[in-house]
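Input: a single structure, listed below in structure tokens.
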Amino acid sequence: MVAQETGLPSEKDKHIIGLRTAITILKGWKARRSQIQKILRISRYALDQVTAGNAPPKLDGEQLMRISIVLNIHAAMRTLFENPANVYGFMARPNDNAFFDGRAPLDVIAQGSMQDLVETYRRIESLLNSTW
């Protein structure tokens, strides 16, 4: 209620904004609907609700963490690359780094494992420090 009085978004509104943004980013990476569902660990119903502009069911802590990691991967991409084609295209390109083993980072995170999502973020973040 305080959030409404101050004009600031509520926690729930922030979560919805984050989810919508993550979905937009994933679509920009050319993720399929099934991949978006696995990466964010959301149901088809929740994805449909958000895509239609409605509020999704309540998000749990792991879903919020997944949203945060997608946003952070995208932020790293925007820092690494000036060209939007690279910002959005990197995740769909095959990568010969040992961790990715010729797979695209998007395919790795679309397996749905939190461990793979975190490790993918770490590998991309390491590019910022030129340690990869």
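Naming scheme: A, B, ... for chains in displayed order of the structure tokens; residues 1 onward per chain; ligands 1 onward as shown.
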* To do: Write out as a list in words which residues come within 9 Å of region 20-34 of chain A when counting only C-alpha atoms, dropping same-chain ones fewer than 5 positions away.
  => His15, Ile39, Leu40, Arg44, Leu47, Val50, Thr51, Gly53, Ile67, Ser68, Val70, Leu71, His74, Val87, Tyr88, Gly89, Phe90, Met91, Ala92, Leu106, Asp107 and Ala110 of chain A
Output file for the selection above: N, CA and C atoms, as a PDB file, in the first residue's frame:
```
ATOM      1  N   HIS A  15       8.317  -7.602  -9.924  1.00  0.00           N
ATOM      2  CA  HIS A  15       8.498  -8.981 -10.398  1.00  0.00           C
ATOM      3  C   HIS A  15       7.891  -9.163 -11.780  1.00  0.00           C
ATOM      4  N   ILE A  39      13.814 -22.164 -19.189  1.00  0.00           N
ATOM      5  CA  ILE A  39      14.821 -21.246 -18.650  1.00  0.00           C
ATOM      6  C   ILE A  39      14.276 -20.517 -17.431  1.00  0.00           C
ATOM      7  N   LEU A  40      13.045 -20.017 -17.525  1.00  0.00           N
ATOM      8  CA  LEU A  40      12.456 -19.243 -16.426  1.00  0.00           C
ATOM      9  C   LEU A  40      11.685 -20.113 -15.440  1.00  0.00           C
ATOM     10  N   ARG A  44       3.210 -22.909 -19.128  1.00  0.00           N
ATOM     11  CA  ARG A  44       2.646 -22.378 -20.369  1.00  0.00           C
ATOM     12  C   ARG A  44       1.596 -21.317 -20.029  1.00  0.00           C
ATOM     13  N   LEU A  47       3.261 -18.065 -18.993  1.00  0.00           N
ATOM     14  CA  LEU A  47       3.826 -17.407 -20.168  1.00  0.00           C
ATOM     15  C   LEU A  47       2.717 -16.766 -20.995  1.00  0.00           C
ATOM     16  N   VAL A  50       1.421 -13.548 -19.180  1.00  0.00           N
ATOM     17  CA  VAL A  50       2.339 -12.410 -19.300  1.00  0.00           C
ATOM     18  C   VAL A  50       2.362 -11.884 -20.732  1.00  0.00           C
ATOM     19  N   THR A  51       2.390 -12.788 -21.697  1.00  0.00           N
ATOM     20  CA  THR A  51       2.400 -12.389 -23.103  1.00  0.00           C
ATOM     21  C   THR A  51       1.140 -11.609 -23.467  1.00  0.00           C
ATOM     22  N   GLY A  53      -0.334  -9.645 -21.493  1.00  0.00           N
ATOM     23  CA  GLY A  53      -0.358  -8.400 -20.736  1.00  0.00           C
ATOM     24  C   GLY A  53      -0.977  -8.524 -19.360  1.00  0.00           C
ATOM     25  N   ILE A  67      15.090 -15.053 -13.513  1.00  0.00           N
ATOM     26  CA  ILE A  67      14.824 -13.780 -14.188  1.00  0.00           C
ATOM     27  C   ILE A  67      16.035 -12.868 -14.033  1.00  0.00           C
ATOM     28  N   SER A  68      16.548 -12.769 -12.824  1.00  0.00           N
ATOM     29  CA  SER A  68      17.705 -11.917 -12.542  1.00  0.00           C
ATOM     30  C   SER A  68      18.916 -12.328 -13.370  1.00  0.00           C
ATOM     31  N   VAL A  70      18.976 -13.936 -16.280  1.00  0.00           N
ATOM     32  CA  VAL A  70      18.750 -13.567 -17.689  1.00  0.00           C
ATOM     33  C   VAL A  70      19.005 -12.072 -17.892  1.00  0.00           C
ATOM     34  N   LEU A  71      18.507 -11.250 -16.971  1.00  0.00           N
ATOM     35  CA  LEU A  71      18.735  -9.807 -17.071  1.00  0.00           C
ATOM     36  C   LEU A  71      20.224  -9.481 -16.973  1.00  0.00           C
ATOM     37  N   HIS A  74      22.042 -10.429 -20.178  1.00  0.00           N
ATOM     38  CA  HIS A  74      21.781  -9.411 -21.203  1.00  0.00           C
ATOM     39  C   HIS A  74      22.598  -8.137 -20.935  1.00  0.00           C
ATOM     40  N   VAL A  87      24.692  -8.527 -29.582  1.00  0.00           N
ATOM     41  CA  VAL A  87      24.037  -8.541 -28.270  1.00  0.00           C
ATOM     42  C   VAL A  87      22.974  -9.635 -28.241  1.00  0.00           C
ATOM     43  N   TYR A  88      22.186  -9.704 -29.283  1.00  0.00           N
ATOM     44  CA  TYR A  88      21.093 -10.681 -29.324  1.00  0.00           C
ATOM     45  C   TYR A  88      21.483 -11.994 -29.993  1.00  0.00           C
ATOM     46  N   GLY A  89      22.505 -11.979 -30.835  1.00  0.00           N
ATOM     47  CA  GLY A  89      22.864 -13.175 -31.572  1.00  0.00           C
ATOM     48  C   GLY A  89      23.819 -14.115 -30.861  1.00  0.00           C
ATOM     49  N   PHE A  90      24.623 -13.607 -29.939  1.00  0.00           N
ATOM     50  CA  PHE A  90      25.645 -14.418 -29.267  1.00  0.00           C
ATOM     51  C   PHE A  90      25.060 -15.667 -28.630  1.00  0.00           C
ATOM     52  N   MET A  91      23.939 -15.540 -27.978  1.00  0.00           N
ATOM     53  CA  MET A  91      23.377 -16.664 -27.227  1.00  0.00           C
ATOM     54  C   MET A  91      22.923 -17.807 -28.138  1.00  0.00           C
ATOM     55  N   ALA A  92      22.640 -17.512 -29.398  1.00  0.00           N
ATOM     56  CA  ALA A  92      22.163 -18.552 -30.320  1.00  0.00           C
ATOM     57  C   ALA A  92      23.283 -19.140 -31.177  1.00  0.00           C
ATOM     58  N   LEU A 106      22.334 -20.541 -25.509  1.00  0.00           N
ATOM     59  CA  LEU A 106      20.883 -20.637 -25.350  1.00  0.00           C
ATOM     60  C   LEU A 106      20.445 -22.093 -25.211  1.00  0.00           C
ATOM     61  N   ASP A 107      21.036 -22.978 -25.991  1.00  0.00           N
ATOM     62  CA  ASP A 107      20.682 -24.395 -25.897  1.00  0.00           C
ATOM     63  C   ASP A 107      21.083 -24.983 -24.548  1.00  0.00           C
ATOM     64  N   ALA A 110      18.641 -23.674 -21.934  1.00  0.00           N
ATOM     65  CA  ALA A 110      17.289 -24.175 -22.198  1.00  0.00           C
ATOM     66  C   ALA A 110      17.086 -25.594 -21.681  1.00  0.00           C
TER      67      ALA A 110
END
```
* **Residue set, chain A restricted to alpha helix (DSSP H), as number ranges by chain** => A: 2-6, 11-28, 33-40, 44-51, 61-80, 84-89, 105-109, 114-128
* Just how far from CA of Arg93 (chain A) is CA of Asp116 (chain A), in Å to one decimal? ->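 Taking CA of Asp116 (chain A) and CA of Arg93 (chain A), their separation equals 16.6 Å.
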* Please provide as JSON, numbers by chain all residues within 10 Å of Leu64 (chain A), with the sequence filter that same-chain residues fewer than 4 positions apart are discarded (counting only C-alpha atoms). => {"A": [15, 16, 18, 19, 40, 41, 59, 60, 68, 69]}
* Asked: Do you have the CA of Ile17 (chain A)-CA of Pro56 (chain A) distance handy?
  ->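 These atoms are spaced 10.7 Å apart.
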